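K.L.:
Below you'll find model.pdb; it's PDB, C-alpha atoms.
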ATOM      1  CA  MET A   1     -27.873  36.947  26.108
ATOM      2  CA  SER A   2     -31.300  36.602  24.491
ATOM      3  CA  VAL A   3     -33.330  33.421  24.919
ATOM      4  CA  ARG A   4     -34.573  31.605  21.774
ATOM      5  CA  ALA A   5     -36.746  29.167  23.682
ATOM      6  CA  ALA A   6     -37.406  28.217  27.296
ATOM      7  CA  VAL A   7     -39.219  25.402  29.069
ATOM      8  CA  GLU A   8     -40.152  25.496  32.731
ATOM      9  CA  LEU A   9     -38.840  22.315  34.374
ATOM     10  CA  SER A  10     -40.307  22.921  37.811
ATOM     11  CA  LYS A  11     -42.016  25.546  39.897
ATOM     12  CA  SER A  12     -42.838  25.307  43.569
ATOM     13  CA  SER A  13     -44.262  27.819  46.000
ATOM     14  CA  ASP A  14     -44.651  27.815  49.763
ATOM     15  CA  ASP A  15     -44.477  30.318  52.633
ATOM     16  CA  GLY A  16     -40.753  30.805  51.875
ATOM     17  CA  GLY A  17     -41.377  31.983  48.329
ATOM     18  CA  THR A  18     -41.236  30.563  44.828
ATOM     19  CA  VAL A  19     -38.507  28.556  43.118
ATOM     20  CA  THR A  20     -38.587  28.200  39.337
ATOM     21  CA  VAL A  21     -36.171  26.105  37.285
ATOM     22  CA  SER A  22     -36.089  26.261  33.492
ATOM     23  CA  VAL A  23     -33.992  25.106  30.577
ATOM     24  CA  GLU A  24     -33.164  27.772  28.005
ATOM     25  CA  HIS A  25     -31.818  27.693  24.466
ATOM     26  CA  LEU A  26     -29.818  30.887  24.108
ATOM     27  CA  GLU A  27     -29.433  32.972  20.975
ATOM     28  CA  ASP A  28     -25.767  31.974  20.555
ATOM     29  CA  GLY A  29     -26.698  28.256  20.579
ATOM     30  CA  ALA A  30     -25.776  27.616  24.207
ATOM     31  CA  VAL A  31     -28.122  25.731  26.541
ATOM     32  CA  GLN A  32     -28.552  26.599  30.185
ATOM     33  CA  VAL A  33     -30.488  25.519  33.226
ATOM     34  CA  PHE A  34     -31.678  28.587  35.107
ATOM     35  CA  HIS A  35     -32.741  28.662  38.780
ATOM     36  CA  TYR A  36     -34.754  31.574  40.201
ATOM     37  CA  ASP A  37     -35.701  31.820  43.875
ATOM     38  CA  ILE A  38     -37.776  34.721  45.185
ATOM     39  CA  GLY A  39     -39.123  35.331  48.679
ATOM     40  CA  SER A  40     -38.144  35.105  52.314
ATOM     41  CA  ARG A  41     -36.160  31.859  51.817
ATOM     42  CA  ALA A  42     -33.921  33.577  49.260
ATOM     43  CA  LEU A  43     -33.487  36.509  51.637
ATOM     44  CA  ALA A  44     -32.490  34.190  54.505
ATOM     45  CA  LEU A  45     -30.114  32.103  52.383
ATOM     46  CA  HIS A  46     -28.599  34.730  50.093
ATOM     47  CA  GLY A  47     -29.179  38.105  51.732
ATOM     48  CA  ASP A  48     -31.492  39.315  48.957
ATOM     49  CA  SER A  49     -35.151  38.641  48.264
ATOM     50  CA  ASP A  50     -34.353  37.104  44.899
ATOM     51  CA  TYR A  51     -31.593  34.772  43.814
ATOM     52  CA  GLU A  52     -30.603  33.651  40.335
ATOM     53  CA  ALA A  53     -28.149  30.910  39.375
ATOM     54  CA  TRP A  54     -27.427  29.096  36.129
ATOM     55  CA  ALA A  55     -25.280  26.453  34.484
ATOM     56  CA  THR A  56     -24.519  27.041  30.810
ATOM     57  CA  VAL A  57     -23.255  24.585  28.204
ATOM     58  CA  ALA A  58     -21.368  26.485  25.475
ATOM     59  CA  PRO A  59     -22.543  26.065  21.873
ATOM     60  CA  GLU A  60     -19.510  23.959  20.955
ATOM     61  CA  ASN A  61     -20.453  21.449  23.688
ATOM     62  CA  VAL A  62     -24.203  21.167  23.026
ATOM     63  CA  ALA A  63     -23.765  18.163  20.705
ATOM     64  CA  LYS A  64     -21.748  16.395  23.414
ATOM     65  CA  LEU A  65     -24.540  17.163  25.905
ATOM     66  CA  ALA A  66     -27.191  15.863  23.482
ATOM     67  CA  PHE A  67     -25.177  12.678  22.923
ATOM     68  CA  ALA A  68     -24.827  12.049  26.672
ATOM     69  CA  LEU A  69     -28.512  12.740  27.354
ATOM     70  CA  LEU A  70     -29.670  10.476  24.509
ATOM     71  CA  ALA A  71     -27.309   7.710  25.602
ATOM     72  CA  GLU A  72     -28.693   7.926  29.133
ATOM     73  CA  LYS A  73     -32.348   8.216  28.070
ATOM     74  CA  PHE A  74     -32.274   5.234  25.705
ATOM     75  CA  ALA A  75     -29.703   2.992  27.423
ATOM     76  CA  GLY A  76     -30.769  -0.645  27.602
ATOM     77  CA  ARG A  77     -33.743  -0.186  25.263
ATOM     78  CA  SER A  78     -34.030  -2.455  22.242
ATOM     79  CA  ASP A  79     -36.597   0.015  20.852
ATOM     80  CA  ALA A  80     -34.137   2.933  21.054
ATOM     81  CA  LEU A  81     -34.267   3.654  17.299
ATOM     82  CA  THR A  82     -38.054   3.986  17.091
ATOM     83  CA  ALA A  83     -38.228   5.658  20.508
ATOM     84  CA  MET A  84     -35.733   8.298  19.388
ATOM     85  CA  GLN A  85     -37.687   8.877  16.163
ATOM     86  CA  LYS A  86     -40.886   9.334  18.168
ATOM     87  CA  PHE A  87     -39.146  11.612  20.662
ATOM     88  CA  CYS A  88     -37.855  13.785  17.810
ATOM     89  CA  ALA A  89     -41.279  13.877  16.134
ATOM     90  CA  ASP A  90     -42.964  14.798  19.426
ATOM     91  CA  HIS A  91     -40.541  17.710  19.844
ATOM     92  CA  ASP A  92     -40.552  18.896  16.216
ATOM     93  CA  ILE A  93     -36.902  17.901  15.717
ATOM     94  CA  PRO A  94     -36.093  16.937  12.114
ATOM     95  CA  VAL A  95     -34.466  13.517  11.843
ATOM     96  CA  THR A  96     -33.244  11.554   8.843
ATOM     97  CA  VAL A  97     -33.910   7.819   8.909
ATOM     98  CA  GLY A  98     -32.016   5.286   6.843
ATOM     99  CA  MET A  99     -31.636   1.554   6.580
ATOM    100  CA  PHE A 100     -29.612  -1.077   4.805
ATOM    101  CA  ALA A 101     -30.560  -4.686   4.191
TER     102      ALA A 101
END
Represent the supplied structure as structure tokens.
P.N.:
Amino acid sequence: MSVRAAVELSKSSDDGGTVTVSVEHLEDGAVQVFHYDIGSRALALHGDSDYEAWATVAPENVAKLAFALLAEKFAGRSDALTAMQKFCADHDIPVTVGMFA
């Protein structure tokens, strides 16, 4: 599956090799966290010098994931509305704002 966008979440290197973890938005709309380990640690743990693992959320469940992540990120915050708007603006995510008085 092709990757639309990816962000590296962490990368660490030592004598045992390099571990990289990223989040990827796949072409079909799925989202996955991808783990890549290369070096002697991977060889010792997995019998090969590189190891890949991933957890994928299917496209039909991405909205549920977004809901859960937003609920967790903004829980207990009285500024959740403006914080979410800023978060969306910072990440180039279109958002529609409304109000009623």
K.L.:
Pick out the closest residue to Tyr51 (chain A) from this set: A:Ala66, A:Gly17, A:Glu24, A:Phe87. Count all atoms listed in the file.
P.N.:
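That would be A:Gly17, the residue with the smallest distance to Tyr51 (chain A).
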K.L.:
Would you translate the PyMOL selection byres ((chain A and resi 32-44) around 12) into the concrete set of residues it matches in this file, as a VMD selection string?
P.N.:
chain A and resid 1 to 31 45 to 59 61 to 62 65
K.L.:
So how many Å separate CA of Ala101 (chain A) and CA of Lys73 (chain A), to one decimal?
P.N.:
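Atom-to-atom, CA of Ala101 (chain A) to CA of Lys73 (chain A), that is 27.2 Å.
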K.L.:
By how many Å are CA of Leu69 (chain A) and CA of Met84 (chain A) apart?
P.N.:
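Distance between the two atoms: 11.6 Å.
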K.L.:
If the PyMOL selection byres ((chain A and resi 85) around 12) is run on the structure shown, which residues does it catch, given as a list in words?
P.N.:
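With the PyMOL selection byres ((chain A and resi 85) around 12) on this model, the match is Leu70, Phe74, Asp79, Ala80, Leu81, Thr82, Ala83, Met84, Lys86, Phe87, Cys88, Ala89, Asp90, His91, Asp92, Ile93, Pro94, Val95, Thr96, Val97 and Gly98 of chain A.
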